[in-house]
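Peer 1: Pasting start-v9.cif below, which is mmCIF, N, CA and C atoms.
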data_my_file
loop_
_atom_site.label_atom_id
_atom_site.label_comp_id
_atom_site.auth_asym_id
_atom_site.auth_seq_id
_atom_site.Cartn_x
_atom_site.Cartn_y
_atom_site.Cartn_z
N SER A 175 70.78 16.67 130.89
CA SER A 175 69.40 17.12 130.87
C SER A 175 69.26 18.29 129.90
N ILE A 176 68.11 18.39 129.29
CA ILE A 176 67.83 19.44 128.32
C ILE A 176 67.26 20.65 129.06
N PRO A 177 67.85 21.85 128.84
CA PRO A 177 67.31 23.04 129.51
C PRO A 177 65.92 23.37 128.97
N PRO A 178 65.06 23.97 129.79
CA PRO A 178 63.72 24.32 129.32
C PRO A 178 63.78 25.40 128.24
N ALA A 179 62.93 25.27 127.24
CA ALA A 179 62.87 26.27 126.19
C ALA A 179 61.85 27.33 126.55
N ALA A 180 62.27 28.58 126.47
CA ALA A 180 61.36 29.70 126.68
C ALA A 180 60.51 29.89 125.43
N PHE A 181 61.11 29.63 124.27
CA PHE A 181 60.38 29.68 123.01
C PHE A 181 61.16 28.95 121.92
N VAL A 182 60.45 28.49 120.92
CA VAL A 182 61.03 27.92 119.70
C VAL A 182 60.23 28.48 118.54
N ILE A 183 60.93 29.10 117.59
CA ILE A 183 60.28 29.65 116.40
C ILE A 183 60.90 28.99 115.19
N THR A 184 60.05 28.40 114.34
CA THR A 184 60.51 27.83 113.09
C THR A 184 59.88 28.66 111.97
N PRO A 185 60.63 29.63 111.45
CA PRO A 185 60.04 30.53 110.46
C PRO A 185 59.93 29.89 109.08
N CYS A 186 58.94 30.33 108.35
CA CYS A 186 58.77 29.95 106.95
C CYS A 186 57.96 31.06 106.29
N CYS A 187 57.76 30.95 105.02
CA CYS A 187 56.93 31.94 104.30
C CYS A 187 57.41 33.36 104.63
N PHE A 188 58.63 33.65 104.29
CA PHE A 188 59.29 34.89 104.71
C PHE A 188 58.69 36.13 104.09
N ARG A 189 57.89 35.99 103.04
CA ARG A 189 57.29 37.14 102.37
C ARG A 189 55.83 37.33 102.77
N SER A 190 55.30 36.45 103.61
CA SER A 190 53.90 36.56 104.03
C SER A 190 53.76 37.64 105.10
N ASN A 191 52.62 38.27 105.12
CA ASN A 191 52.26 39.24 106.16
C ASN A 191 53.29 40.35 106.36
N PRO A 192 53.66 41.05 105.29
CA PRO A 192 54.70 42.08 105.42
C PRO A 192 54.27 43.29 106.25
N ASP A 193 52.97 43.41 106.53
CA ASP A 193 52.50 44.55 107.31
C ASP A 193 52.44 44.29 108.80
N LEU A 194 52.79 43.07 109.24
CA LEU A 194 52.80 42.80 110.68
C LEU A 194 53.87 43.64 111.35
N MET A 195 53.57 44.12 112.54
CA MET A 195 54.50 44.95 113.30
C MET A 195 55.02 44.15 114.50
N ILE A 196 56.12 44.60 115.05
CA ILE A 196 56.72 44.02 116.25
C ILE A 196 56.26 44.85 117.44
N THR A 197 55.76 44.20 118.48
CA THR A 197 55.39 44.93 119.70
C THR A 197 56.50 44.77 120.72
N ILE A 198 56.86 45.87 121.33
CA ILE A 198 57.93 45.89 122.33
C ILE A 198 57.49 46.79 123.48
N PRO A 199 58.10 46.64 124.66
CA PRO A 199 57.78 47.57 125.75
C PRO A 199 58.02 49.00 125.30
N SER A 200 57.21 49.91 125.79
CA SER A 200 57.25 51.31 125.38
C SER A 200 58.62 51.93 125.61
N THR A 201 58.98 52.85 124.71
CA THR A 201 60.25 53.57 124.86
C THR A 201 60.09 54.66 125.90
N VAL A 202 61.19 55.01 126.55
CA VAL A 202 61.16 56.06 127.57
C VAL A 202 61.60 57.39 126.99
N SER A 203 62.18 57.38 125.82
CA SER A 203 62.62 58.64 125.21
C SER A 203 61.69 59.01 124.07
N ASP A 204 61.89 60.19 123.53
CA ASP A 204 61.10 60.63 122.38
C ASP A 204 61.56 59.97 121.10
N ASN A 205 62.72 59.33 121.12
CA ASN A 205 63.27 58.68 119.94
C ASN A 205 62.70 57.28 119.82
N LYS A 206 61.74 57.09 118.93
CA LYS A 206 61.07 55.79 118.78
C LYS A 206 62.01 54.69 118.29
N ASP A 207 63.16 55.08 117.70
CA ASP A 207 64.10 54.08 117.21
C ASP A 207 65.02 53.56 118.30
N SER A 208 64.94 54.11 119.52
CA SER A 208 65.88 53.73 120.56
C SER A 208 65.61 52.33 121.11
N LEU A 209 64.36 51.87 121.10
CA LEU A 209 63.95 50.58 121.64
C LEU A 209 64.27 50.43 123.12
N ALA A 210 64.52 51.54 123.82
CA ALA A 210 64.76 51.48 125.26
C ALA A 210 63.44 51.14 125.95
N THR A 211 63.50 50.27 126.97
CA THR A 211 62.27 49.82 127.59
C THR A 211 61.82 50.72 128.72
N SER A 212 60.53 50.75 128.92
CA SER A 212 59.91 51.52 129.99
C SER A 212 59.78 50.63 131.22
N SER A 213 59.66 51.26 132.38
CA SER A 213 59.41 50.48 133.59
C SER A 213 57.93 50.17 133.75
N VAL A 214 57.09 50.70 132.86
CA VAL A 214 55.65 50.47 132.89
C VAL A 214 55.32 49.35 131.91
N PRO A 215 55.06 48.12 132.41
CA PRO A 215 54.90 46.99 131.50
C PRO A 215 53.64 47.03 130.67
N ASP A 216 52.64 47.84 131.04
CA ASP A 216 51.39 47.88 130.29
C ASP A 216 51.49 48.69 129.01
N GLU A 217 52.54 49.44 128.84
CA GLU A 217 52.68 50.29 127.67
C GLU A 217 53.56 49.59 126.64
N ILE A 218 53.09 49.58 125.38
CA ILE A 218 53.87 48.96 124.32
C ILE A 218 53.95 49.90 123.13
N ASP A 219 54.98 49.71 122.36
CA ASP A 219 55.14 50.38 121.07
C ASP A 219 55.11 49.32 119.99
N THR A 220 54.82 49.75 118.79
CA THR A 220 54.94 48.86 117.65
C THR A 220 55.97 49.47 116.70
N VAL A 221 56.82 48.61 116.16
CA VAL A 221 57.86 49.05 115.23
C VAL A 221 57.85 48.12 114.03
N ARG A 222 58.34 48.64 112.92
CA ARG A 222 58.50 47.83 111.71
C ARG A 222 59.56 46.76 111.98
N PRO A 223 59.42 45.58 111.38
CA PRO A 223 60.46 44.57 111.55
C PRO A 223 61.85 45.07 111.17
N SER A 224 61.95 45.89 110.13
CA SER A 224 63.27 46.41 109.73
C SER A 224 63.88 47.25 110.85
N THR A 225 63.08 48.03 111.54
CA THR A 225 63.57 48.84 112.65
C THR A 225 64.05 47.95 113.79
N TRP A 226 63.24 46.94 114.11
CA TRP A 226 63.59 46.03 115.20
C TRP A 226 64.89 45.28 114.90
N LEU A 227 65.10 44.96 113.62
CA LEU A 227 66.31 44.23 113.22
C LEU A 227 67.49 45.16 112.96
N GLY A 228 67.25 46.48 112.98
CA GLY A 228 68.33 47.43 112.72
C GLY A 228 68.74 47.49 111.26
N MET A 229 67.77 47.33 110.35
CA MET A 229 68.05 47.29 108.91
C MET A 229 67.24 48.36 108.19
N GLU A 230 67.68 48.69 107.00
CA GLU A 230 66.88 49.51 106.10
C GLU A 230 65.76 48.63 105.55
N GLU A 231 64.60 49.21 105.30
CA GLU A 231 63.45 48.47 104.78
C GLU A 231 63.79 47.74 103.48
N ASP A 232 64.49 48.41 102.56
CA ASP A 232 64.84 47.78 101.28
C ASP A 232 65.78 46.59 101.46
N SER A 233 66.67 46.68 102.43
CA SER A 233 67.59 45.57 102.70
C SER A 233 66.85 44.36 103.24
N LEU A 234 65.88 44.60 104.12
CA LEU A 234 65.08 43.49 104.65
C LEU A 234 64.25 42.86 103.53
N LEU A 235 63.69 43.68 102.65
CA LEU A 235 62.93 43.16 101.52
C LEU A 235 63.81 42.27 100.65
N ALA A 236 65.01 42.72 100.34
CA ALA A 236 65.92 41.91 99.52
C ALA A 236 66.28 40.60 100.23
N LEU A 237 66.50 40.67 101.54
CA LEU A 237 66.85 39.47 102.30
C LEU A 237 65.70 38.47 102.31
N THR A 238 64.47 38.94 102.54
CA THR A 238 63.33 38.02 102.55
C THR A 238 63.07 37.44 101.16
N GLN A 239 63.34 38.22 100.12
CA GLN A 239 63.22 37.68 98.77
C GLN A 239 64.24 36.57 98.54
N ALA A 240 65.45 36.77 99.02
CA ALA A 240 66.48 35.73 98.88
C ALA A 240 66.10 34.48 99.67
N CYS A 241 65.44 34.65 100.82
CA CYS A 241 64.98 33.50 101.60
C CYS A 241 64.01 32.63 100.82
N GLU A 242 63.26 33.24 99.93
CA GLU A 242 62.22 32.54 99.18
C GLU A 242 62.67 32.01 97.82
N ILE A 243 63.95 32.14 97.50
CA ILE A 243 64.45 31.64 96.21
C ILE A 243 64.23 30.13 96.15
N GLN A 244 63.60 29.71 95.09
CA GLN A 244 63.35 28.28 94.88
C GLN A 244 64.42 27.74 93.92
N GLY A 245 64.89 26.55 94.19
CA GLY A 245 65.84 25.92 93.28
C GLY A 245 67.30 26.22 93.56
N ASP A 246 67.61 27.07 94.51
CA ASP A 246 69.00 27.35 94.89
C ASP A 246 69.07 27.40 96.41
N MET A 247 69.15 26.22 97.01
CA MET A 247 69.15 26.13 98.48
C MET A 247 70.40 26.74 99.11
N ASN A 248 71.49 26.87 98.34
CA ASN A 248 72.66 27.54 98.91
C ASN A 248 72.36 29.00 99.19
N VAL A 249 71.80 29.71 98.21
CA VAL A 249 71.47 31.13 98.40
C VAL A 249 70.35 31.27 99.43
N ALA A 250 69.27 30.51 99.25
CA ALA A 250 68.14 30.60 100.18
C ALA A 250 68.58 30.24 101.60
N GLY A 251 69.39 29.19 101.74
CA GLY A 251 69.85 28.77 103.06
C GLY A 251 70.68 29.83 103.75
N GLU A 252 71.58 30.48 103.01
CA GLU A 252 72.39 31.56 103.60
C GLU A 252 71.50 32.72 104.03
N ALA A 253 70.51 33.05 103.19
CA ALA A 253 69.61 34.15 103.52
C ALA A 253 68.77 33.81 104.75
N ILE A 254 68.25 32.59 104.81
CA ILE A 254 67.45 32.16 105.96
C ILE A 254 68.30 32.21 107.24
N HIS A 255 69.52 31.69 107.15
CA HIS A 255 70.42 31.73 108.31
C HIS A 255 70.65 33.17 108.76
N THR A 256 70.90 34.07 107.80
CA THR A 256 71.15 35.47 108.13
C THR A 256 69.94 36.11 108.81
N LEU A 257 68.76 35.91 108.25
CA LEU A 257 67.55 36.49 108.83
C LEU A 257 67.27 35.92 110.21
N CYS A 258 67.41 34.62 110.38
CA CYS A 258 67.19 34.02 111.70
C CYS A 258 68.21 34.53 112.72
N ALA A 259 69.47 34.69 112.30
CA ALA A 259 70.49 35.22 113.21
C ALA A 259 70.18 36.66 113.61
N LEU A 260 69.71 37.47 112.65
CA LEU A 260 69.32 38.85 112.97
C LEU A 260 68.16 38.87 113.95
N ARG A 261 67.19 37.99 113.75
CA ARG A 261 66.05 37.93 114.67
C ARG A 261 66.49 37.49 116.06
N ALA A 262 67.37 36.49 116.13
CA ALA A 262 67.88 36.02 117.43
C ALA A 262 68.62 37.15 118.15
N LYS A 263 69.43 37.89 117.41
CA LYS A 263 70.16 39.01 118.00
C LYS A 263 69.20 40.09 118.51
N ALA A 264 68.15 40.37 117.75
CA ALA A 264 67.17 41.38 118.18
C ALA A 264 66.47 40.95 119.46
N VAL A 265 66.14 39.67 119.59
CA VAL A 265 65.52 39.18 120.83
C VAL A 265 66.49 39.34 121.99
N MET A 266 67.75 38.95 121.79
CA MET A 266 68.74 39.08 122.86
C MET A 266 68.91 40.55 123.26
N ASN A 267 68.97 41.43 122.28
CA ASN A 267 69.12 42.86 122.59
C ASN A 267 67.94 43.36 123.43
N GLN A 268 66.75 42.91 123.10
CA GLN A 268 65.56 43.33 123.85
C GLN A 268 65.59 42.79 125.28
N PHE A 269 65.95 41.52 125.44
CA PHE A 269 65.93 40.91 126.77
C PHE A 269 67.09 41.38 127.64
N ARG A 270 68.18 41.82 127.05
CA ARG A 270 69.30 42.33 127.85
C ARG A 270 68.93 43.59 128.60
N LYS A 271 67.89 44.29 128.14
CA LYS A 271 67.47 45.52 128.80
C LYS A 271 66.75 45.25 130.11
N ASN A 272 66.38 44.01 130.35
CA ASN A 272 65.69 43.64 131.59
C ASN A 272 66.51 42.53 132.27
N PRO A 273 67.33 42.88 133.26
CA PRO A 273 68.22 41.89 133.87
C PRO A 273 67.50 40.77 134.63
N SER A 274 66.19 40.88 134.84
CA SER A 274 65.49 39.80 135.54
C SER A 274 65.31 38.58 134.64
N TYR A 275 65.51 38.76 133.33
CA TYR A 275 65.46 37.63 132.41
C TYR A 275 66.86 37.10 132.19
N ASN A 276 67.02 35.80 132.29
CA ASN A 276 68.31 35.18 132.01
C ASN A 276 68.08 34.21 130.85
N LEU A 277 68.22 34.73 129.65
CA LEU A 277 67.83 34.02 128.44
C LEU A 277 69.01 33.92 127.49
N ASN A 278 69.17 32.76 126.91
CA ASN A 278 70.15 32.54 125.86
C ASN A 278 69.38 32.22 124.58
N VAL A 279 69.70 32.90 123.49
CA VAL A 279 69.00 32.69 122.22
C VAL A 279 70.01 32.22 121.19
N GLY A 280 69.63 31.19 120.45
CA GLY A 280 70.52 30.66 119.41
C GLY A 280 69.73 30.03 118.28
N LEU A 281 70.47 29.56 117.29
CA LEU A 281 69.87 28.89 116.15
C LEU A 281 70.13 27.39 116.21
N LYS A 282 69.14 26.63 115.84
CA LYS A 282 69.25 25.18 115.73
C LYS A 282 68.72 24.80 114.35
N THR A 283 69.15 23.66 113.86
CA THR A 283 68.62 23.15 112.60
C THR A 283 68.15 21.72 112.80
N PHE A 284 67.30 21.29 111.91
CA PHE A 284 66.90 19.89 111.86
C PHE A 284 67.13 19.41 110.44
N PRO A 285 67.06 18.11 110.18
CA PRO A 285 67.41 17.58 108.85
C PRO A 285 66.62 18.25 107.73
N ILE A 286 67.33 18.68 106.70
CA ILE A 286 66.71 19.39 105.58
C ILE A 286 65.74 18.50 104.80
N GLY A 287 65.86 17.19 104.95
CA GLY A 287 64.92 16.27 104.31
C GLY A 287 63.51 16.42 104.85
N LEU A 288 63.37 16.96 106.06
CA LEU A 288 62.05 17.20 106.63
C LEU A 288 61.43 18.49 106.12
N SER A 289 62.28 19.49 105.85
CA SER A 289 61.80 20.77 105.34
C SER A 289 63.01 21.61 104.91
N THR A 290 62.85 22.36 103.83
CA THR A 290 63.93 23.27 103.43
C THR A 290 63.97 24.50 104.34
N ARG A 291 62.95 24.69 105.14
CA ARG A 291 62.93 25.77 106.14
C ARG A 291 63.29 25.13 107.48
N ASN A 292 64.56 24.73 107.60
CA ASN A 292 64.97 23.87 108.72
C ASN A 292 65.72 24.61 109.84
N PHE A 293 65.61 25.92 109.89
CA PHE A 293 66.23 26.68 110.98
C PHE A 293 65.19 26.97 112.05
N CYS A 294 65.60 26.91 113.30
CA CYS A 294 64.75 27.28 114.44
C CYS A 294 65.50 28.30 115.29
N ILE A 295 64.78 29.27 115.78
CA ILE A 295 65.32 30.23 116.75
C ILE A 295 64.83 29.74 118.11
N VAL A 296 65.78 29.45 119.00
CA VAL A 296 65.45 28.84 120.28
C VAL A 296 65.92 29.74 121.42
N GLY A 297 65.00 30.06 122.31
CA GLY A 297 65.33 30.80 123.52
C GLY A 297 65.32 29.82 124.69
N GLU A 298 66.43 29.76 125.41
CA GLU A 298 66.54 28.84 126.55
C GLU A 298 66.76 29.64 127.83
N LEU A 299 66.03 29.25 128.86
CA LEU A 299 66.23 29.86 130.17
C LEU A 299 67.52 29.33 130.76
N LYS A 300 68.31 30.24 131.33
CA LYS A 300 69.57 29.80 131.95
C LYS A 300 69.38 29.63 133.43
#
Translate this file's structure into C-alpha cells.

Peer 2:
Amino acid sequence: SIPPAAFVITPCCFRSNPDLMITIPSTVSDNKDSLATSSVPDEIDTVRPSTWLGMEEDSLLALTQACEIQGDMNVAGEAIHTLCALRAKAVMNQFRKNPSYNLNVGLKTFPIGLSTRNFCIVGELK
C-alpha cells in the first residue's frame, strides 16, 4: 500500500518570484535566524529562502541560476537535485521541532521525457 502524502511539490521556474518569503512559526528568541518554534501557533515569522535553507543569498542565487541552465541537463539536473534536497532538509528540520508530526520527506523523480523539471519533494506521513 502507498502511504498517504502530506504534500508533493514539483518545483520549476527557479528564478521566478525571488521576493517571496518563507513563513514559519514565530521564533521564541530574539535571534531571528534561530528558526526555533513558538508554542503560540497564531504567530508567524517570515524569512528569506536563503535563511530558511541555511545559505548565503549569493550562493542561493548562483544555485538557482544553475537550475535554469538550458542545454546542459547534467549541470541543471545536479543543481535542481541540490536545491530540492536543501528544501527537503529544511522542511524536515522545521517539522522535527514539533514531535506531534511524524513526517518523512524525500525526493522522487519521474521520467525526464515528461519534463526536464522532473524532481518532486514528497512529504509522507509515517

Peer 1: In terms of the shortest atom-to-atom distance over only C-alpha atoms, which of A:Asn276, A:Thr256, A:Ser233, A:Gln244 is closest to Ala180 of chain A?

Peer 2: A:Asn276

Peer 1: List the neighbours of Tyr275 of chain A out to 10 Å using only C-alpha atoms; skip same-chain residues closer than 4 positions along the sequence, and give me the result as a list in words.

Peer 2: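 Those residues are Phe269, Arg270, Lys271, Leu299 and Lys300 of chain A.
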
Peer 1: Need the shell around Arg222 of chain A: protein/DNA/RNA residues with any atom at most 7 Å away, counting only N, CA and C atoms. Skip same-chain ones fewer than 3 positions apart. Format as a ChimeraX atom specification?

Peer 2: /A:194-196,225-227

Peer 1: What is the atom CA of Glu231 of chain A-atom CA of Leu260 of chain A distance in Å, reported with one decimal?

Peer 2: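 Computing it gives 13.9 Å between the two atoms.
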
Peer 1: On this structure, the PyMOL selection byres ((chain A and resi 295-297) around 5) would catch which residues? List them as a compact mmCIF listing (two decimals) with N, CA and C atoms, keeping the file's coordinate frame, sorted by chain and number.

Peer 2:
# COMPACT_ATOMS: atom_id res chain seq x y z
N ALA A 179 62.93 25.27 127.24
CA ALA A 179 62.87 26.27 126.19
C ALA A 179 61.85 27.33 126.55
N ALA A 180 62.27 28.58 126.47
CA ALA A 180 61.36 29.70 126.68
C ALA A 180 60.51 29.89 125.43
N PHE A 181 61.11 29.63 124.27
CA PHE A 181 60.38 29.68 123.01
C PHE A 181 61.16 28.95 121.92
N VAL A 182 60.45 28.49 120.92
CA VAL A 182 61.03 27.92 119.70
C VAL A 182 60.23 28.48 118.54
N ILE A 183 60.93 29.10 117.59
CA ILE A 183 60.28 29.65 116.40
C ILE A 183 60.90 28.99 115.19
N ASN A 278 69.17 32.76 126.91
CA ASN A 278 70.15 32.54 125.86
C ASN A 278 69.38 32.22 124.58
N VAL A 279 69.70 32.90 123.49
CA VAL A 279 69.00 32.69 122.22
C VAL A 279 70.01 32.22 121.19
N GLY A 280 69.63 31.19 120.45
CA GLY A 280 70.52 30.66 119.41
C GLY A 280 69.73 30.03 118.28
N LEU A 281 70.47 29.56 117.29
CA LEU A 281 69.87 28.89 116.15
C LEU A 281 70.13 27.39 116.21
N PHE A 293 65.61 25.92 109.89
CA PHE A 293 66.23 26.68 110.98
C PHE A 293 65.19 26.97 112.05
N CYS A 294 65.60 26.91 113.30
CA CYS A 294 64.75 27.28 114.44
C CYS A 294 65.50 28.30 115.29
N GLU A 298 66.43 29.76 125.41
CA GLU A 298 66.54 28.84 126.55
C GLU A 298 66.76 29.64 127.83
N LEU A 299 66.03 29.25 128.86
CA LEU A 299 66.23 29.86 130.17
C LEU A 299 67.52 29.33 130.76

Peer 1: From the list A:Thr238, A:Thr220, A:Phe284, A:Met266, which residue is nearest Cys187 of chain A when using all atoms listed in the file?

Peer 2: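 Smallest distance to Cys187 of chain A is found for A:Thr238.
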
Peer 1: Please return segment 268-290 of chain A, rebuilt to N, CA, C and O atoms, as an mmCIF file, keeping the file's coordinate frame.

Peer 2:
data_model
loop_
_atom_site.group_PDB
_atom_site.id
_atom_site.type_symbol
_atom_site.label_atom_id
_atom_site.label_comp_id
_atom_site.auth_asym_id
_atom_site.auth_seq_id
_atom_site.Cartn_x
_atom_site.Cartn_y
_atom_site.Cartn_z
ATOM 1 N N GLN A 268 66.750 42.910 123.100
ATOM 2 C CA GLN A 268 65.560 43.330 123.850
ATOM 3 C C GLN A 268 65.590 42.790 125.280
ATOM 4 O O GLN A 268 65.322 43.518 126.227
ATOM 5 N N PHE A 269 65.950 41.520 125.440
ATOM 6 C CA PHE A 269 65.930 40.910 126.770
ATOM 7 C C PHE A 269 67.090 41.380 127.640
ATOM 8 O O PHE A 269 66.987 41.349 128.855
ATOM 9 N N ARG A 270 68.180 41.820 127.050
ATOM 10 C CA ARG A 270 69.300 42.330 127.850
ATOM 11 C C ARG A 270 68.930 43.590 128.600
ATOM 12 O O ARG A 270 69.569 43.945 129.582
ATOM 13 N N LYS A 271 67.890 44.290 128.140
ATOM 14 C CA LYS A 271 67.470 45.520 128.800
ATOM 15 C C LYS A 271 66.750 45.250 130.110
ATOM 16 O O LYS A 271 66.519 46.154 130.883
ATOM 17 N N ASN A 272 66.380 44.010 130.350
ATOM 18 C CA ASN A 272 65.690 43.640 131.590
ATOM 19 C C ASN A 272 66.510 42.530 132.270
ATOM 20 O O ASN A 272 66.403 41.371 131.889
ATOM 21 N N PRO A 273 67.330 42.880 133.260
ATOM 22 C CA PRO A 273 68.220 41.890 133.870
ATOM 23 C C PRO A 273 67.500 40.770 134.630
ATOM 24 O O PRO A 273 68.119 39.786 135.002
ATOM 25 N N SER A 274 66.190 40.880 134.840
ATOM 26 C CA SER A 274 65.490 39.800 135.540
ATOM 27 C C SER A 274 65.310 38.580 134.640
ATOM 28 O O SER A 274 64.998 37.498 135.123
ATOM 29 N N TYR A 275 65.510 38.760 133.330
ATOM 30 C CA TYR A 275 65.460 37.630 132.410
ATOM 31 C C TYR A 275 66.860 37.100 132.190
ATOM 32 O O TYR A 275 67.780 37.863 131.924
ATOM 33 N N ASN A 276 67.020 35.800 132.290
ATOM 34 C CA ASN A 276 68.310 35.180 132.010
ATOM 35 C C ASN A 276 68.080 34.210 130.850
ATOM 36 O O ASN A 276 67.732 33.056 131.054
ATOM 37 N N LEU A 277 68.220 34.730 129.650
ATOM 38 C CA LEU A 277 67.830 34.020 128.440
ATOM 39 C C LEU A 277 69.010 33.920 127.490
ATOM 40 O O LEU A 277 69.757 34.877 127.306
ATOM 41 N N ASN A 278 69.170 32.760 126.910
ATOM 42 C CA ASN A 278 70.150 32.540 125.860
ATOM 43 C C ASN A 278 69.380 32.220 124.580
ATOM 44 O O ASN A 278 68.483 31.380 124.592
ATOM 45 N N VAL A 279 69.700 32.900 123.490
ATOM 46 C CA VAL A 279 69.000 32.690 122.220
ATOM 47 C C VAL A 279 70.010 32.220 121.190
ATOM 48 O O VAL A 279 71.101 32.762 121.074
ATOM 49 N N GLY A 280 69.630 31.190 120.450
ATOM 50 C CA GLY A 280 70.520 30.660 119.410
ATOM 51 C C GLY A 280 69.730 30.030 118.280
ATOM 52 O O GLY A 280 68.496 29.971 118.302
ATOM 53 N N LEU A 281 70.470 29.560 117.290
ATOM 54 C CA LEU A 281 69.870 28.890 116.150
ATOM 55 C C LEU A 281 70.130 27.390 116.210
ATOM 56 O O LEU A 281 71.215 26.963 116.601
ATOM 57 N N LYS A 282 69.140 26.630 115.840
ATOM 58 C CA LYS A 282 69.250 25.180 115.730
ATOM 59 C C LYS A 282 68.720 24.800 114.350
ATOM 60 O O LYS A 282 67.919 25.523 113.763
ATOM 61 N N THR A 283 69.150 23.660 113.860
ATOM 62 C CA THR A 283 68.620 23.150 112.600
ATOM 63 C C THR A 283 68.150 21.720 112.800
ATOM 64 O O THR A 283 68.548 21.046 113.747
ATOM 65 N N PHE A 284 67.300 21.290 111.910
ATOM 66 C CA PHE A 284 66.900 19.890 111.860
ATOM 67 C C PHE A 284 67.130 19.410 110.440
ATOM 68 O O PHE A 284 67.399 20.221 109.538
ATOM 69 N N PRO A 285 67.060 18.110 110.180
ATOM 70 C CA PRO A 285 67.410 17.580 108.850
ATOM 71 C C PRO A 285 66.620 18.250 107.730
ATOM 72 O O PRO A 285 65.396 18.382 107.790
ATOM 73 N N ILE A 286 67.330 18.680 106.700
ATOM 74 C CA ILE A 286 66.710 19.390 105.580
ATOM 75 C C ILE A 286 65.740 18.500 104.800
ATOM 76 O O ILE A 286 64.843 18.996 104.126
ATOM 77 N N GLY A 287 65.860 17.190 104.950
ATOM 78 C CA GLY A 287 64.920 16.270 104.310
ATOM 79 C C GLY A 287 63.510 16.420 104.850
ATOM 80 O O GLY A 287 62.543 16.081 104.177
ATOM 81 N N LEU A 288 63.370 16.960 106.060
ATOM 82 C CA LEU A 288 62.050 17.200 106.630
ATOM 83 C C LEU A 288 61.430 18.490 106.120
ATOM 84 O O LEU A 288 60.215 18.594 105.989
ATOM 85 N N SER A 289 62.280 19.490 105.850
ATOM 86 C CA SER A 289 61.800 20.770 105.340
ATOM 87 C C SER A 289 63.010 21.610 104.910
ATOM 88 O O SER A 289 64.061 21.559 105.556
ATOM 89 N N THR A 290 62.850 22.360 103.830
ATOM 90 C CA THR A 290 63.930 23.270 103.430
ATOM 91 C C THR A 290 63.970 24.500 104.340
ATOM 92 O O THR A 290 64.931 25.253 104.299
#
